[in-house]
Amino acid sequence: MDVDPRSYADQRVLIIGKGNSAFETAHAILGHASMVHLASRRPMRLAWTSKHPGDVRGQYGALLDSYQFKTLHSVLDCTIDEIRRVE
């Protein structure tokens with residue numbers, strides 16, 4: 001993936017996974033992408049609850065805040081059956 005957050009300006013982004021690295025990626029593009037969705041089958045686990053360093057750490061609270069305050073960003077518990085591009 002391109003690591004320049006400006007490459008995601010005004011785009012909708014789907015990140016598959018809800019671990020610490022998924023939130024790192026989302027955090028990096030949050031101010032540039034129009035929508036950021038994180039999706040996986042398992043529920044999000046927070047490191048301050050689980051004490052596991054691979055789970056979501058508190059420093060990524062901006063995305064969690066935006067999700068809780070009902071912005072366009074979301075954290076989804078779902079099964080992804082298909083990904084296809086729609087022109």
# chains A, B, ... in the order shown; residues from 1 in each chain; ligands from 1
>>> residues_around(residues="Arg57 in chain A", least_positions_apart="5", cutoff="8 Å", atoms="only C-alpha atoms", output="VMD selection string")
chain A and resid 20 46 to 48
>>> select_by_dssp(residues="range 10-87 of chain A", states="strand (DSSP E or B)", output="NGL selection string")
:A and (12-16 or 35-40 or 46 or 56 or 74-77)
>>> write_last_selection(atoms="all heavy atoms", output="compact mmCIF listing (two decimals), in the first residue's frame")
# COMPACT_ATOMS: atom_id res chain seq x y z
N ARG A 12 -12.82 6.38 -0.16
CA ARG A 12 -13.38 5.47 0.84
C ARG A 12 -12.41 4.29 0.95
O ARG A 12 -12.03 3.70 -0.05
CB ARG A 12 -14.76 5.00 0.42
CG ARG A 12 -15.72 6.15 0.34
CD ARG A 12 -17.07 5.82 -0.20
NE ARG A 12 -17.33 4.43 -0.53
CZ ARG A 12 -18.42 4.01 -1.10
NH1 ARG A 12 -19.36 4.86 -1.42
NH2 ARG A 12 -18.60 2.74 -1.37
N VAL A 13 -12.02 3.96 2.19
CA VAL A 13 -11.00 2.94 2.41
C VAL A 13 -11.54 1.84 3.31
O VAL A 13 -12.13 2.12 4.36
CB VAL A 13 -9.74 3.57 3.06
CG1 VAL A 13 -8.69 2.53 3.34
CG2 VAL A 13 -9.19 4.69 2.19
N LEU A 14 -11.34 0.59 2.89
CA LEU A 14 -11.70 -0.57 3.70
C LEU A 14 -10.40 -1.22 4.17
O LEU A 14 -9.55 -1.58 3.35
CB LEU A 14 -12.51 -1.58 2.90
CG LEU A 14 -12.75 -2.94 3.58
CD1 LEU A 14 -13.61 -2.76 4.83
CD2 LEU A 14 -13.38 -3.91 2.60
N ILE A 15 -10.25 -1.36 5.47
CA ILE A 15 -9.10 -2.04 6.06
C ILE A 15 -9.62 -3.34 6.64
O ILE A 15 -10.53 -3.34 7.48
CB ILE A 15 -8.43 -1.17 7.14
CG1 ILE A 15 -7.93 0.13 6.52
CG2 ILE A 15 -7.31 -1.94 7.83
CD1 ILE A 15 -7.46 1.16 7.52
N ILE A 16 -9.06 -4.46 6.20
CA ILE A 16 -9.51 -5.75 6.70
C ILE A 16 -8.66 -6.10 7.91
O ILE A 16 -7.45 -6.27 7.81
CB ILE A 16 -9.40 -6.83 5.61
CG1 ILE A 16 -10.31 -6.42 4.44
CG2 ILE A 16 -9.79 -8.19 6.15
CD1 ILE A 16 -10.20 -7.30 3.23
N MET A 35 -13.87 8.30 4.09
CA MET A 35 -14.44 7.27 4.96
C MET A 35 -13.40 6.19 5.20
O MET A 35 -12.71 5.79 4.27
CB MET A 35 -15.65 6.59 4.31
CG MET A 35 -16.95 7.19 4.64
SD MET A 35 -18.29 6.11 4.07
CE MET A 35 -18.53 6.77 2.45
N VAL A 36 -13.33 5.73 6.44
CA VAL A 36 -12.44 4.62 6.78
C VAL A 36 -13.28 3.57 7.49
O VAL A 36 -13.94 3.87 8.49
CB VAL A 36 -11.27 5.07 7.69
CG1 VAL A 36 -10.39 3.89 8.05
CG2 VAL A 36 -10.46 6.17 7.02
N HIS A 37 -13.28 2.35 6.95
CA HIS A 37 -13.98 1.24 7.58
C HIS A 37 -12.95 0.18 7.95
O HIS A 37 -12.10 -0.17 7.14
CB HIS A 37 -15.00 0.61 6.63
CG HIS A 37 -16.07 1.54 6.19
ND1 HIS A 37 -16.84 2.26 7.06
CD2 HIS A 37 -16.50 1.86 4.95
CE1 HIS A 37 -17.71 2.98 6.38
NE2 HIS A 37 -17.51 2.77 5.10
N LEU A 38 -13.04 -0.35 9.16
CA LEU A 38 -12.26 -1.49 9.59
C LEU A 38 -13.23 -2.65 9.75
O LEU A 38 -14.28 -2.48 10.37
CB LEU A 38 -11.55 -1.22 10.92
CG LEU A 38 -10.32 -0.33 10.84
CD1 LEU A 38 -10.71 1.12 10.81
CD2 LEU A 38 -9.41 -0.61 12.00
N ALA A 39 -12.92 -3.80 9.19
CA ALA A 39 -13.85 -4.92 9.22
C ALA A 39 -13.12 -6.23 9.47
O ALA A 39 -12.04 -6.47 8.94
CB ALA A 39 -14.60 -5.01 7.90
N SER A 40 -13.73 -7.07 10.30
CA SER A 40 -13.26 -8.44 10.52
C SER A 40 -14.35 -9.21 11.25
O SER A 40 -15.31 -8.63 11.75
CB SER A 40 -11.96 -8.48 11.33
OG SER A 40 -12.21 -8.21 12.68
N LEU A 46 -9.46 -4.32 23.00
CA LEU A 46 -8.68 -3.18 23.45
C LEU A 46 -7.55 -3.64 24.37
O LEU A 46 -7.77 -4.43 25.29
CB LEU A 46 -9.58 -2.19 24.18
CG LEU A 46 -10.78 -1.70 23.35
CD1 LEU A 46 -11.71 -0.87 24.20
CD2 LEU A 46 -10.30 -0.92 22.14
N VAL A 56 -5.73 -3.27 20.15
CA VAL A 56 -5.80 -1.83 19.90
C VAL A 56 -5.38 -1.05 21.14
O VAL A 56 -5.92 -1.24 22.23
CB VAL A 56 -7.22 -1.42 19.48
CG1 VAL A 56 -7.31 0.06 19.22
CG2 VAL A 56 -7.64 -2.21 18.25
N SER A 74 -16.23 3.67 10.43
CA SER A 74 -16.88 2.60 11.17
C SER A 74 -15.93 1.45 11.48
O SER A 74 -14.91 1.27 10.82
CB SER A 74 -18.09 2.07 10.39
OG SER A 74 -17.68 1.54 9.16
N VAL A 75 -16.31 0.70 12.51
CA VAL A 75 -15.61 -0.51 12.92
C VAL A 75 -16.67 -1.61 12.87
O VAL A 75 -17.63 -1.58 13.64
CB VAL A 75 -15.02 -0.37 14.34
CG1 VAL A 75 -14.33 -1.64 14.76
CG2 VAL A 75 -14.08 0.83 14.41
N LEU A 76 -16.51 -2.55 11.93
CA LEU A 76 -17.57 -3.51 11.63
C LEU A 76 -17.20 -4.92 12.05
O LEU A 76 -16.10 -5.39 11.78
CB LEU A 76 -17.84 -3.51 10.13
CG LEU A 76 -18.14 -2.16 9.49
CD1 LEU A 76 -18.10 -2.27 7.98
CD2 LEU A 76 -19.47 -1.64 9.96
N ASP A 77 -18.13 -5.61 12.71
CA ASP A 77 -18.02 -7.05 12.97
C ASP A 77 -18.81 -7.73 11.85
O ASP A 77 -20.05 -7.65 11.83
CB ASP A 77 -18.64 -7.42 14.32
CG ASP A 77 -17.90 -6.80 15.49
OD1 ASP A 77 -16.71 -6.47 15.33
OD2 ASP A 77 -18.50 -6.64 16.56
>>> select_by_dssp(residues="chain A", states="alpha helix (DSSP H)", output="JSON, numbers by chain")
{"A": [20, 21, 22, 23, 24, 25, 26, 27, 28, 29, 47, 48, 49, 50, 61, 62, 63, 64, 65, 66, 67, 68]}
>>> residues_around(residues="Val3 in chain A", least_positions_apart="3", cutoff="9 Å", atoms="only C-alpha atoms", output="ChimeraX atom specification")
/A:6-7,25,28
>>> closest_residue(among="A:Pro5, A:Val86, A:Gly19, A:Asp10", to="Arg41 in chain A", atoms="only C-alpha atoms")
A:Gly19
>>> atom_distance(atom1="CA of Phe23 in chain A", atom2="CA of Ile80 in chain A")
18.4 Å
